[in-house]
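All remarks here apply to the structure that follows.
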Amino acid sequence: MSAPAVSPVTITLPDGSKKEFEGPVTGHEIALSISEGLARAALAIVVDGRTIDLSTPIANDSDVVLLTAHQPAGLEVLRHSCTHLMAQAVKRLWPEAMLEDGPPTEDGFWYDIRTEPPIAAEDLPRIEKEMQKIAGEKLPVTRRELSRDEALAFFAERGEKYKLHIIEKLPADAVITTYTQGEFTDLCRGPHVPHTGVIKAFKLLSVAGAYWQGDPSKDQLTRVRGTAFGDKKGMKEYLELLEEAKKRDHRRLGKELGLFMTHEWAPGTFIWLGRGKILYDTLSAMSTAMHRAEGYQEVFTPMLFKKDLFETSGHWKHYRDDMFIVPGQDAATLDDAGVAEWERHISGEIEGLPEHERKRLNEALEGQTGAKERLSVLLQSETFNTRHWNLFEKRPGEFVAMSGADREVYGLKPMNCPAHMLIFRDRRRSYRELPLRISDQGVLHRNEATGTLGGLTRVRQFCQDDAHIFLAEDMIAAEITRVIGMVRRVYAAVGMDFAGVFLSTRPEKAMGAKEQWDRAEAALRQAIEANDMEYTVSEGDGAFYGPKIDFIVRDVLKREWQVATIQLDYQLPARFGLKYTAADGSEQMPVVVHRALYGSFERFIAILIEQFAGAFPTWLAPEQVRVLSISEKYVDYAKGVRDGLLAEGVRAEADLGDDKIGAKIRDAQLQKVPYMLVVGEKEQETGSVAVRSRSEGELGVMTCAEFRERIAAEKDVRF
RNA sequence: GCCGACGUAGCUCAGCCGGUAGAGCAGCUGAUUCGUAAUCAGCAGGUCAGCAGUUCGAAUCUGCUCGUCGGCUCCA
């Protein structure tokens with residue numbers, strides 16, 4: 001490498017204009033050459049597509065874009081720098097704190113930090129204050145390149161074990177960079193803002209637990225979340241947006257609108273009230289109608305099956321922890337010998353009972369000598385009432401114990417597919433029947449871990465608009481194209497966009513031949529492209545039994561949820577030994593497609609509630625029309641109007657109380673009823689109604705017949 | 001399941017360092033009979049999530065349990 005001669009550099013700006021510099025030039029200098037204002041606002045610079053620090057010299061002719069907080073990419077740099085600002089503040093307050101990773105996110109940033117005790121929500125104002133101070137110090141942010149060994153030595157000296165781990169994973173010849181501001185140095189790829197003073201608007205929002213490397217067996221870190229903006233105004237708007245989002249939260253709206261309730265005696269499940277049941281039923285009926293039109297047959301299958309079914313399907317082996325297990329009638333009665341065996345579990349003589357549970361039981365049993373007393377303690381203990389240890393009081397005083405050897409054990413189905421395999425297998429099948437489409441809105445139970453439950457988006461009891469399609473391999477592309485068409489119709493009807501469509505391909509532990517997978521993946525790809533949809537390939541994310549397409553939407557809090565899904569399955573047909581007779585008389589195994597459009601009704605309704613902010617379109621609104629009487633004198637007329645609507649199949653109610661009309665309108669408006677019909681003297685005399693729309697206000701007076709016509713047009717929708 | 005926070009009237013929330021619980025809305029009763037987002041007055045409403053402990057005394061402090069929320073992990 002020879003020392004480069006100083007040669008002129010031509011910089012091309014986004015508008016195409018060019019600037020000449022005598023030699024290497026920094027982003028900061030370029031900004032200064034344009035205006036001082038830009039130099040102050042600039043955070044980083046994109047050089048030929050690569051974002052770098054403003055202080056890094058540019059030696060070659062380049063196309064550049066100066067980044068400020070007004071561009072998404074600039075905002076990302078600002079937020080990334082803000083994580084460092086926060087980390088520095090934390091280090092000042094907790095010198096022993098260990099830092100893990102702190103990336104910017106779509107709306108802000110977070111940093112995983114280990115302190116003892118963990119940082120609490122009450123600490124956030126303190127940290128923010130320190131951040132303000134550091135920002136006020138306008139510390140220059142400087143970049144430094146280190147070798148791997150230098151970096152290891154540097155962070156080892158500071159006891160940053162998580163940073164060491166990150167460095168260790170990098171290749172030996174990697175150029176490692178650190179960024180320093182004042183006394184604080186962080187391992188980071190960058191780029192970063194020129195100095196801490198440019199970070200003016202930020203807020204710390206929450207603390208939450210996070211596992212190191214996402215591994216529950218490793219250290220528990222604290223994830224501190226915050227956000228930053230280029231100015232206070234953007235910050236304020238964002239916080240207001242958060243408030244708005246909270247108002248749209250389906251849990252809140254569901255309660256306010258009387259859709260559903262919960263009870264602590266039924267954790268993870270929802271009690272659907274009259275209004276919510278209408279949503280459920282409406283979606284159910286629309287789904288049924290659509291599936292019939294598409295050639296599906298809807299079936300009705302048991303909720304409870306002997307475990308033999310799940311052993312065949314593989315659920316008993318792979319999914320048992322998430323299933324509700326129910327003892328059958330013939331299970332063994334727990335006798336003295338049985339109790340003695342449980343006691344050997346507790347003493348540790350028989351291994352398998354977790355140490356903390358043994359300890360707890362031993363403490364509970366302390367001083368209890370009689371067999372009956374001890375049994376009573378056991379029965380009241382949590383351990384004996386969990387799914388791992390199946391001990392039940394069948395009727396008072398008679399106990400039933402289950403062990404893996406008992407055959408008479410039942411399980412609540414977590415999925416419909418095994419039952420549908422039985423249907424296919426019920427008789428000989430011909431190729432002429434394929435694709436055989438079986439749909440089912442059966443109730444499913446999954447014993448989800450407590451910490452994963454949340455609102456309607458993750459529940460223990462739910463229904464899917466589920467279907468299984470049995471077909472020959474050469475039918476896959478055409479059939480999946482049809483299914484995607486259905487998905488699109490449903491989501492178009494409710495005005496929802498997908499946050500993503502993912503094609504998940506062959507995972508490492510896949511079963512089946514690679515050629516088979518290749519064909520299946522190609523068929524799925526073809527189907528997506530036939531529907532002209534944007535999608536992302538999620539390499540290696542398929543289920544072990546086949547590739548799949550997932551449709552993702554976001555809730556108001558921007559959390560992503562899978563709704564519709566289409567999965568190919570080569571394993572279940574094999575496990576159940578499914579076959580059909582082909583045209584040439586040979587016996588062939590069908591492929592199974594698992595698919596759901598809504599996903600679960602529960603999750604879909606949650607997303608719909610948030611999508612419409614509770615103001616459902618007329619066809620879905622639990623109460624479509626409310627008749628409001630001006631005064632007592634018109635109550636009978638109001639009832640007549642309501643009854644006329646009810647007879648037409650309109651979901652109408654009447655507010656006949658002695659409130660003033662303004663109050664009644666307010667009530668109806670808050671309940672988000674699409675139409676309010678005000679009736680008083682004028683209307684009674686002319687057989688009419690004064691129509692007010694939830695969204696458009698007064699629509700004027702029309703005859704009852706005219707209104708019925710209007711609402712008939714929007715009351716029924718088909719997918 | 002893990003980390004953290006929270007749980008007070010039907011709802012939204014006050015209630016300080018421990019001294020025995022309060023508002024608005026909703027409900028009920030009465031008055032009012034009213035024309036497009038809240039009529040007035042009165043009444044009633046609570047095992048302060050549950051259990052145990054500390055204390056003369058606990059909504060308040062401690063522990064456990066249950067539930068909810070935010071994350072993490074999981075999401076055949």
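Letters A, B, ... mark the chains of the structure tokens in the order given; residue numbers begin at 1 per chain; ligand numbers begin at 1, in order shown.
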
Practice task
Identify, on the basis of only C-alpha atoms (C1' of nucleotides), every residue whose closest approach to range 45-58 of chain B does not exceed 10 Å; exclude the query and any residue fewer than 3 positions from it along the same chain; express the result as a PyMOL selection string.
Solution key: (chain A and resi 264) or (chain B and resi 7-10+18-21+27+61-67)

Exercise for the section: Name the residues of range 253-319 of chain A that come out as alpha helix (DSSP H) in a backbone DSSP run; write them as a PyMOL selection string. Expected result: chain A and resi 253-256+274-293+307-313+315-318

Selection to disk with N, CA, C and O atoms, as a short mmCIF file (atom, residue, chain, number, x, y, z; two decimals), in the first residue's frame:
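Everything below was put into again-v7.cif:
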```
data_model
loop_
_atom_site.label_atom_id
_atom_site.label_comp_id
_atom_site.auth_asym_id
_atom_site.auth_seq_id
_atom_site.Cartn_x
_atom_site.Cartn_y
_atom_site.Cartn_z
N LEU A 253 -61.96 -2.24 24.94
CA LEU A 253 -63.19 -2.04 24.18
C LEU A 253 -64.18 -3.18 24.40
O LEU A 253 -65.38 -2.95 24.47
N GLY A 254 -63.67 -4.39 24.51
CA GLY A 254 -64.55 -5.52 24.71
C GLY A 254 -65.36 -5.37 25.99
O GLY A 254 -66.54 -5.73 26.05
N LYS A 255 -64.72 -4.83 26.99
CA LYS A 255 -65.40 -4.61 28.27
C LYS A 255 -66.39 -3.46 28.13
O LYS A 255 -67.55 -3.56 28.50
N GLU A 256 -65.92 -2.36 27.53
CA GLU A 256 -66.77 -1.18 27.40
C GLU A 256 -68.01 -1.44 26.55
O GLU A 256 -69.08 -0.90 26.81
N GLY A 274 -73.79 -11.46 25.19
CA GLY A 274 -74.70 -11.42 24.03
C GLY A 274 -74.13 -10.69 22.83
O GLY A 274 -74.19 -11.18 21.70
N ARG A 275 -73.56 -9.52 23.09
CA ARG A 275 -73.06 -8.73 21.96
C ARG A 275 -71.84 -9.38 21.31
O ARG A 275 -71.68 -9.35 20.09
N GLY A 276 -70.98 -9.95 22.12
CA GLY A 276 -69.80 -10.60 21.57
C GLY A 276 -70.18 -11.85 20.79
O GLY A 276 -69.58 -12.18 19.77
N LYS A 277 -71.18 -12.57 21.31
CA LYS A 277 -71.61 -13.79 20.63
C LYS A 277 -72.10 -13.48 19.23
O LYS A 277 -71.99 -14.30 18.32
N ILE A 278 -72.67 -12.28 19.05
CA ILE A 278 -73.13 -11.89 17.71
C ILE A 278 -71.93 -11.78 16.77
O ILE A 278 -71.97 -12.23 15.63
N LEU A 279 -70.83 -11.21 17.25
CA LEU A 279 -69.63 -11.15 16.41
C LEU A 279 -69.20 -12.56 16.02
O LEU A 279 -68.93 -12.86 14.86
N TYR A 280 -69.13 -13.39 17.05
CA TYR A 280 -68.68 -14.77 16.86
C TYR A 280 -69.58 -15.48 15.85
O TYR A 280 -69.11 -16.09 14.89
N ASP A 281 -70.90 -15.37 16.06
CA ASP A 281 -71.86 -16.06 15.20
C ASP A 281 -71.84 -15.52 13.78
O ASP A 281 -71.96 -16.27 12.81
N THR A 282 -71.72 -14.20 13.67
CA THR A 282 -71.71 -13.60 12.34
C THR A 282 -70.52 -14.12 11.54
O THR A 282 -70.64 -14.53 10.39
N LEU A 283 -69.37 -14.10 12.19
CA LEU A 283 -68.16 -14.57 11.50
C LEU A 283 -68.26 -16.06 11.20
O LEU A 283 -67.82 -16.53 10.14
N SER A 284 -68.84 -16.78 12.12
CA SER A 284 -69.00 -18.22 11.93
C SER A 284 -69.90 -18.50 10.72
O SER A 284 -69.56 -19.31 9.86
N ALA A 285 -71.03 -17.81 10.68
CA ALA A 285 -71.98 -18.04 9.59
C ALA A 285 -71.37 -17.64 8.25
O ALA A 285 -71.55 -18.33 7.24
N MET A 286 -70.65 -16.54 8.23
CA MET A 286 -70.04 -16.10 6.97
C MET A 286 -68.99 -17.09 6.52
O MET A 286 -68.84 -17.37 5.32
N SER A 287 -68.26 -17.62 7.49
CA SER A 287 -67.24 -18.60 7.16
C SER A 287 -67.87 -19.86 6.60
O SER A 287 -67.44 -20.40 5.57
N THR A 288 -68.90 -20.34 7.27
CA THR A 288 -69.58 -21.55 6.83
C THR A 288 -70.10 -21.37 5.40
O THR A 288 -69.90 -22.24 4.54
N ALA A 289 -70.75 -20.22 5.15
CA ALA A 289 -71.31 -19.97 3.82
C ALA A 289 -70.21 -19.98 2.77
O ALA A 289 -70.34 -20.59 1.70
N MET A 290 -69.11 -19.32 3.08
CA MET A 290 -68.02 -19.24 2.12
C MET A 290 -67.44 -20.63 1.84
O MET A 290 -67.18 -20.99 0.69
N HIS A 291 -67.26 -21.39 2.92
CA HIS A 291 -66.66 -22.71 2.72
C HIS A 291 -67.57 -23.65 1.94
O HIS A 291 -67.11 -24.44 1.12
N ARG A 292 -68.87 -23.55 2.18
CA ARG A 292 -69.81 -24.38 1.38
C ARG A 292 -69.67 -24.02 -0.08
O ARG A 292 -69.60 -24.90 -0.94
N ALA A 293 -69.63 -22.72 -0.35
CA ALA A 293 -69.54 -22.28 -1.74
C ALA A 293 -68.23 -22.73 -2.38
O ALA A 293 -68.15 -22.87 -3.60
N LYS A 307 -56.51 -41.11 24.49
CA LYS A 307 -55.17 -40.69 24.13
C LYS A 307 -54.62 -41.46 22.93
O LYS A 307 -53.68 -41.01 22.29
N ASP A 308 -55.24 -42.59 22.62
CA ASP A 308 -54.79 -43.38 21.46
C ASP A 308 -54.75 -42.53 20.19
O ASP A 308 -53.87 -42.66 19.36
N LEU A 309 -55.75 -41.66 20.05
CA LEU A 309 -55.78 -40.80 18.86
C LEU A 309 -54.53 -39.93 18.81
O LEU A 309 -53.89 -39.79 17.77
N PHE A 310 -54.20 -39.38 19.97
CA PHE A 310 -53.07 -38.44 19.99
C PHE A 310 -51.73 -39.16 19.93
O PHE A 310 -50.74 -38.59 19.50
N GLU A 311 -51.75 -40.42 20.36
CA GLU A 311 -50.52 -41.21 20.20
C GLU A 311 -50.29 -41.45 18.71
O GLU A 311 -49.17 -41.37 18.23
N THR A 312 -51.37 -41.72 18.01
CA THR A 312 -51.24 -41.96 16.57
C THR A 312 -50.81 -40.69 15.84
O THR A 312 -49.94 -40.71 14.98
N SER A 313 -51.39 -39.57 16.23
CA SER A 313 -51.08 -38.33 15.52
C SER A 313 -49.71 -37.78 15.91
O SER A 313 -49.14 -36.96 15.19
N HIS A 315 -49.27 -36.17 18.78
CA HIS A 315 -49.44 -35.09 19.75
C HIS A 315 -49.07 -35.52 21.15
O HIS A 315 -48.56 -34.73 21.95
N TRP A 316 -49.36 -36.80 21.46
CA TRP A 316 -49.07 -37.26 22.83
C TRP A 316 -47.59 -37.12 23.13
O TRP A 316 -47.19 -36.78 24.23
N LYS A 317 -46.79 -37.36 22.11
CA LYS A 317 -45.35 -37.29 22.30
C LYS A 317 -44.85 -35.85 22.25
O LYS A 317 -44.05 -35.43 23.07
N HIS A 318 -45.35 -35.10 21.28
CA HIS A 318 -44.76 -33.78 21.03
C HIS A 318 -45.50 -32.63 21.68
O HIS A 318 -44.98 -31.54 21.78
#
```

Per residue of chain B within 7 Å of chain A, what are the shortest atom pair and its distance in Å to one decimal, counting only C-alpha atoms (C1' of nucleotides), with rows by chain and residue number, as CSV?
```
residue,atom,partner,partner_atom,distance
B:G1,C1',A:Ala449,CA,6.3
B:C2,C1',A:Pro216,CA,6.5
B:C3,C1',A:Gly209,CA,4.2
B:G4,C1',A:Ala208,CA,5.9
B:U33,C1',A:Ser631,CA,5.1
B:C34,C1',A:Lys660,CA,5.7
B:G35,C1',A:Ile630,CA,6.8
B:U36,C1',A:Gly662,CA,6.0
B:A37,C1',A:Arg666,CA,4.1
B:A38,C1',A:Ala663,CA,5.4
B:G67,C1',A:Glu264,CA,5.4
B:G70,C1',A:Ala208,CA,6.5
B:G71,C1',A:Ala208,CA,4.6
B:C72,C1',A:Ala210,CA,4.3
B:U73,C1',A:Pro216,CA,6.2
B:A76,C1',A:Tyr319,CA,6.8
```

Save out the residues we just selected, N, CA and C atoms (P, O5', C5', C4', C3', O3' and C1' of nucleotides), as a JSON list (two decimals), in the first residue's frame.
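Generated file (selection_0.json):
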```json
[["chain", "number", "residue", "atom", "x", "y", "z"],
["B", 1, "G", "P", -46.95, -21.68, 35.63],
["B", 1, "G", "O5'", -45.45, -21.60, 35.18],
["B", 1, "G", "C5'", -44.63, -22.65, 35.62],
["B", 1, "G", "C4'", -43.30, -22.51, 34.94],
["B", 1, "G", "C3'", -42.59, -21.20, 35.24],
["B", 1, "G", "O3'", -41.86, -21.30, 36.45],
["B", 1, "G", "C1'", -42.58, -21.60, 32.91],
["B", 2, "C", "P", -41.67, -20.01, 37.36],
["B", 2, "C", "O5'", -40.62, -19.14, 36.52],
["B", 2, "C", "C5'", -39.28, -19.58, 36.36],
["B", 2, "C", "C4'", -38.50, -18.53, 35.61],
["B", 2, "C", "C3'", -38.65, -17.11, 36.14],
["B", 2, "C", "O3'", -37.79, -16.87, 37.23],
["B", 2, "C", "C1'", -38.94, -17.09, 33.81],
["B", 3, "C", "P", -38.27, -15.84, 38.39],
["B", 3, "C", "O5'", -38.05, -14.42, 37.69],
["B", 3, "C", "C5'", -36.74, -13.94, 37.42],
["B", 3, "C", "C4'", -36.83, -12.60, 36.75],
["B", 3, "C", "C3'", -37.71, -11.57, 37.45],
["B", 3, "C", "O3'", -37.05, -10.95, 38.53],
["B", 3, "C", "C1'", -38.20, -11.58, 35.15],
["B", 4, "G", "P", -37.92, -10.47, 39.80],
["B", 4, "G", "O5'", -38.81, -9.28, 39.22],
["B", 4, "G", "C5'", -38.22, -8.01, 38.97],
["B", 4, "G", "C4'", -39.16, -7.13, 38.22],
["B", 4, "G", "C3'", -40.46, -6.77, 38.91],
["B", 4, "G", "O3'", -40.28, -5.76, 39.89],
["B", 4, "G", "C1'", -40.90, -7.30, 36.66],
["B", 33, "U", "P", -92.65, 18.05, 32.64],
["B", 33, "U", "O5'", -92.10, 17.31, 31.35],
["B", 33, "U", "C5'", -91.33, 18.00, 30.38],
["B", 33, "U", "C4'", -91.15, 17.11, 29.17],
["B", 33, "U", "C3'", -92.46, 16.77, 28.47],
["B", 33, "U", "O3'", -92.24, 16.67, 27.07],
["B", 33, "U", "C1'", -91.38, 14.79, 29.13],
["B", 34, "C", "P", -92.39, 17.87, 26.11],
["B", 34, "C", "O5'", -90.90, 17.87, 25.54],
["B", 34, "C", "C5'", -90.25, 19.10, 25.30],
["B", 34, "C", "C4'", -88.80, 19.01, 25.66],
["B", 34, "C", "C3'", -87.91, 18.28, 24.67],
["B", 34, "C", "O3'", -86.78, 19.10, 24.37],
["B", 34, "C", "C1'", -87.44, 17.59, 26.87],
["B", 35, "G", "P", -86.74, 19.83, 22.99],
["B", 35, "G", "O5'", -86.16, 18.68, 22.04],
["B", 35, "G", "C5'", -84.86, 18.16, 22.30],
["B", 35, "G", "C4'", -84.25, 17.74, 20.99],
["B", 35, "G", "C3'", -83.93, 18.89, 20.04],
["B", 35, "G", "O3'", -82.79, 18.49, 19.28],
["B", 35, "G", "C1'", -85.48, 17.45, 19.03],
["B", 36, "U", "P", -81.53, 19.51, 19.14],
["B", 36, "U", "O5'", -80.29, 18.53, 19.05],
["B", 36, "U", "C5'", -79.89, 17.78, 20.21],
["B", 36, "U", "C4'", -79.05, 16.60, 19.78],
["B", 36, "U", "C3'", -77.94, 16.96, 18.79],
["B", 36, "U", "O3'", -76.85, 16.09, 19.02],
["B", 36, "U", "C1'", -79.37, 15.37, 17.83],
["B", 37, "A", "P", -75.41, 16.58, 19.55],
["B", 37, "A", "O5'", -75.00, 15.32, 20.46],
["B", 37, "A", "C5'", -75.81, 14.93, 21.56],
["B", 37, "A", "C4'", -74.92, 14.55, 22.71],
["B", 37, "A", "C3'", -73.96, 15.65, 23.16],
["B", 37, "A", "O3'", -73.73, 15.47, 24.55],
["B", 37, "A", "C1'", -72.73, 13.81, 22.42],
["B", 38, "A", "P", -74.07, 16.69, 25.56],
["B", 38, "A", "O5'", -74.71, 15.95, 26.81],
["B", 38, "A", "C5'", -75.48, 14.74, 26.66],
["B", 38, "A", "C4'", -75.90, 14.30, 28.04],
["B", 38, "A", "C3'", -76.06, 15.43, 29.05],
["B", 38, "A", "O3'", -76.89, 14.95, 30.09],
["B", 38, "A", "C1'", -74.25, 14.10, 29.68],
["B", 67, "G", "P", -54.14, -18.45, 38.16],
["B", 67, "G", "O5'", -54.71, -17.00, 37.89],
["B", 67, "G", "C5'", -56.11, -16.79, 37.74],
["B", 67, "G", "C4'", -56.41, -15.32, 37.73],
["B", 67, "G", "C3'", -55.70, -14.51, 36.65],
["B", 67, "G", "O3'", -56.37, -14.61, 35.41],
["B", 67, "G", "C1'", -55.51, -13.39, 38.71],
["B", 70, "G", "P", -50.27, -6.71, 27.81],
["B", 70, "G", "O5'", -48.80, -6.23, 28.18],
["B", 70, "G", "C5'", -48.51, -4.84, 28.30],
["B", 70, "G", "C4'", -47.04, -4.69, 28.60],
["B", 70, "G", "C3'", -46.14, -5.60, 27.79],
["B", 70, "G", "O3'", -45.91, -5.06, 26.51],
["B", 70, "G", "C1'", -45.51, -5.70, 30.07],
["B", 71, "G", "P", -45.53, -6.02, 25.31],
["B", 71, "G", "O5'", -43.98, -6.24, 25.60],
["B", 71, "G", "C5'", -43.43, -7.51, 25.42],
["B", 71, "G", "C4'", -42.11, -7.53, 26.13],
["B", 71, "G", "C3'", -41.36, -8.82, 25.91],
["B", 71, "G", "O3'", -40.56, -8.70, 24.74],
["B", 71, "G", "C1'", -41.57, -8.45, 28.21],
["B", 72, "C", "P", -40.51, -9.95, 23.74],
["B", 72, "C", "O5'", -39.69, -11.00, 24.60],
["B", 72, "C", "C5'", -38.37, -10.70, 25.03],
["B", 72, "C", "C4'", -37.85, -11.82, 25.89],
["B", 72, "C", "C3'", -38.03, -13.21, 25.31],
["B", 72, "C", "O3'", -37.02, -13.51, 24.36],
["B", 72, "C", "C1'", -38.72, -13.22, 27.55],
["B", 73, "U", "P", -37.38, -14.40, 23.09],
["B", 73, "U", "O5'", -37.71, -15.82, 23.73],
["B", 73, "U", "C5'", -36.68, -16.63, 24.27],
["B", 73, "U", "C4'", -37.28, -17.84, 24.93],
["B", 73, "U", "C3'", -38.22, -18.67, 24.06],
["B", 73, "U", "O3'", -37.52, -19.54, 23.20],
["B", 73, "U", "C1'", -39.23, -18.31, 26.15],
["B", 76, "A", "P", -46.20, -23.55, 15.84],
["B", 76, "A", "O5'", -46.12, -25.00, 15.34],
["B", 76, "A", "C5'", -45.99, -26.06, 16.11],
["B", 76, "A", "C4'", -47.29, -26.56, 16.65],
["B", 76, "A", "C3'", -47.02, -27.25, 17.97],
["B", 76, "A", "O3'", -47.54, -26.44, 19.02],
["B", 76, "A", "C1'", -48.01, -28.75, 16.38]]
```

Handout entry: Those of range 455-674 of chain A in DSSP strand (DSSP E or B), formatted as JSON, numbers by chain
Key = {"A": [456, 458, 461, 462, 463, 464, 465, 466, 467, 468, 469, 470, 471, 500, 501, 502, 503, 504, 536, 537, 538, 543, 546, 548, 549, 550, 551, 552, 553, 554, 560, 561, 562, 563, 564, 565, 566, 567, 568, 569, 580, 581, 587, 588, 591, 592, 593, 594, 595, 596, 597, 598, 599, 600, 625, 626, 627, 628, 629, 652, 653, 654, 655]}

Pull C-alpha atoms from the residues just selected and write them as a PDB file, in the first residue's frame.
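In the end it all went to out.pdb:
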```pdb
ATOM      1  CA  LEU A 456     -58.008 -12.723  23.095  1.00  0.00           C
ATOM      2  CA  ARG A 458     -53.533 -16.041  23.213  1.00  0.00           C
ATOM      3  CA  GLN A 461     -59.955 -22.341  24.630  1.00  0.00           C
ATOM      4  CA  PHE A 462     -60.748 -21.218  21.130  1.00  0.00           C
ATOM      5  CA  CYS A 463     -62.193 -22.109  17.749  1.00  0.00           C
ATOM      6  CA  GLN A 464     -60.527 -21.971  14.394  1.00  0.00           C
ATOM      7  CA  ASP A 465     -62.079 -21.688  10.972  1.00  0.00           C
ATOM      8  CA  ASP A 466     -60.101 -24.822  10.410  1.00  0.00           C
ATOM      9  CA  ALA A 467     -60.055 -27.116   7.432  1.00  0.00           C
ATOM     10  CA  HIS A 468     -58.024 -30.004   6.118  1.00  0.00           C
ATOM     11  CA  ILE A 469     -57.754 -30.696   2.463  1.00  0.00           C
ATOM     12  CA  PHE A 470     -56.749 -34.134   1.248  1.00  0.00           C
ATOM     13  CA  LEU A 471     -55.268 -34.099  -2.200  1.00  0.00           C
ATOM     14  CA  GLY A 500     -46.202  -9.838   6.299  1.00  0.00           C
ATOM     15  CA  VAL A 501     -46.677 -13.016   4.306  1.00  0.00           C
ATOM     16  CA  PHE A 502     -44.048 -15.644   4.979  1.00  0.00           C
ATOM     17  CA  LEU A 503     -43.178 -18.761   3.077  1.00  0.00           C
ATOM     18  CA  SER A 504     -41.400 -21.034   5.537  1.00  0.00           C
ATOM     19  CA  THR A 536     -40.831 -13.110   2.337  1.00  0.00           C
ATOM     20  CA  VAL A 537     -39.112 -16.465   2.359  1.00  0.00           C
ATOM     21  CA  SER A 538     -38.380 -17.592   5.876  1.00  0.00           C
ATOM     22  CA  ALA A 543     -42.779 -27.246  10.410  1.00  0.00           C
ATOM     23  CA  GLY A 546     -44.050 -29.665   5.664  1.00  0.00           C
ATOM     24  CA  LYS A 548     -46.136 -23.424   5.136  1.00  0.00           C
ATOM     25  CA  ILE A 549     -47.381 -19.944   4.338  1.00  0.00           C
ATOM     26  CA  ASP A 550     -48.195 -17.670   7.272  1.00  0.00           C
ATOM     27  CA  PHE A 551     -50.125 -14.428   7.135  1.00  0.00           C
ATOM     28  CA  ILE A 552     -49.205 -11.920   9.840  1.00  0.00           C
ATOM     29  CA  VAL A 553     -51.123  -8.878  11.073  1.00  0.00           C
ATOM     30  CA  ARG A 554     -50.326  -6.340  13.773  1.00  0.00           C
ATOM     31  CA  GLU A 560     -47.420  -9.252  15.363  1.00  0.00           C
ATOM     32  CA  TRP A 561     -49.793 -12.181  15.284  1.00  0.00           C
ATOM     33  CA  GLN A 562     -50.189 -15.001  12.890  1.00  0.00           C
ATOM     34  CA  VAL A 563     -53.731 -15.164  11.624  1.00  0.00           C
ATOM     35  CA  ALA A 564     -54.209 -17.141   8.443  1.00  0.00           C
ATOM     36  CA  THR A 565     -51.950 -20.108   7.804  1.00  0.00           C
ATOM     37  CA  ILE A 566     -51.576 -22.734   5.105  1.00  0.00           C
ATOM     38  CA  GLN A 567     -49.459 -25.761   5.922  1.00  0.00           C
ATOM     39  CA  LEU A 568     -48.575 -28.801   3.892  1.00  0.00           C
ATOM     40  CA  ASP A 569     -48.316 -32.045   5.792  1.00  0.00           C
ATOM     41  CA  TYR A 580     -56.852 -43.548  -1.851  1.00  0.00           C
ATOM     42  CA  THR A 581     -57.245 -45.511  -5.023  1.00  0.00           C
ATOM     43  CA  GLU A 587     -53.030 -47.086  -3.800  1.00  0.00           C
ATOM     44  CA  GLN A 588     -51.608 -43.658  -3.116  1.00  0.00           C
ATOM     45  CA  VAL A 591     -51.069 -34.968   1.046  1.00  0.00           C
ATOM     46  CA  VAL A 592     -52.858 -32.964   3.730  1.00  0.00           C
ATOM     47  CA  VAL A 593     -53.219 -29.206   3.751  1.00  0.00           C
ATOM     48  CA  HIS A 594     -53.965 -27.607   7.126  1.00  0.00           C
ATOM     49  CA  ARG A 595     -55.390 -24.167   6.673  1.00  0.00           C
ATOM     50  CA  ALA A 596     -57.250 -21.450   8.557  1.00  0.00           C
ATOM     51  CA  LEU A 597     -58.288 -18.059   7.241  1.00  0.00           C
ATOM     52  CA  TYR A 598     -59.205 -16.176  10.393  1.00  0.00           C
ATOM     53  CA  GLY A 599     -56.777 -18.269  12.380  1.00  0.00           C
ATOM     54  CA  SER A 600     -58.711 -18.429  15.591  1.00  0.00           C
ATOM     55  CA  VAL A 625     -79.907   0.353  15.034  1.00  0.00           C
ATOM     56  CA  ARG A 626     -81.095   2.065  18.184  1.00  0.00           C
ATOM     57  CA  VAL A 627     -84.455   3.787  18.249  1.00  0.00           C
ATOM     58  CA  LEU A 628     -84.491   6.826  20.529  1.00  0.00           C
ATOM     59  CA  SER A 629     -87.762   8.260  21.772  1.00  0.00           C
ATOM     60  CA  ALA A 652     -82.407  -3.171  16.672  1.00  0.00           C
ATOM     61  CA  GLU A 653     -82.892  -1.951  20.214  1.00  0.00           C
ATOM     62  CA  ALA A 654     -84.819   0.969  21.682  1.00  0.00           C
ATOM     63  CA  ASP A 655     -83.861   3.512  24.322  1.00  0.00           C
TER      64      ASP A 655
END
```

Exercise for the section: For Ser55 in chain A, please output as a PyMOL selection string all residues within 7 Å (counting only C-alpha atoms (C1' of nucleotides); exclusion window: fewer than 5 positions along the same chain). Expected result: chain A and resi 26-28

Practice task
Name the residues in contact with Phe184 in chain A at a cut-off of 10 Å, using only C-alpha atoms (C1' of nucleotides), excluding same-chain residues fewer than 4 positions from it; report them as a PyMOL selection string.
Solution key: chain A and resi 84-85+87-89+91-92+141+179-180

Problem - Between CA of Phe604 in chain A and CA of Lys558 in chain A - distance in Å to one decimal - result: 15.0 Å

Exercise for the section: Identify which of the residues B:G30, B:G42, B:G22, B:G15 lies closest to U60 in chain B, counting only C-alpha atoms (C1' of nucleotides) when measuring atom-to-atom distances. Expected result: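 Checking each of B:G30, B:G42, B:G22, B:G15 against U60 in chain B, counting only C-alpha atoms (C1' of nucleotides), the winner is B:G15.
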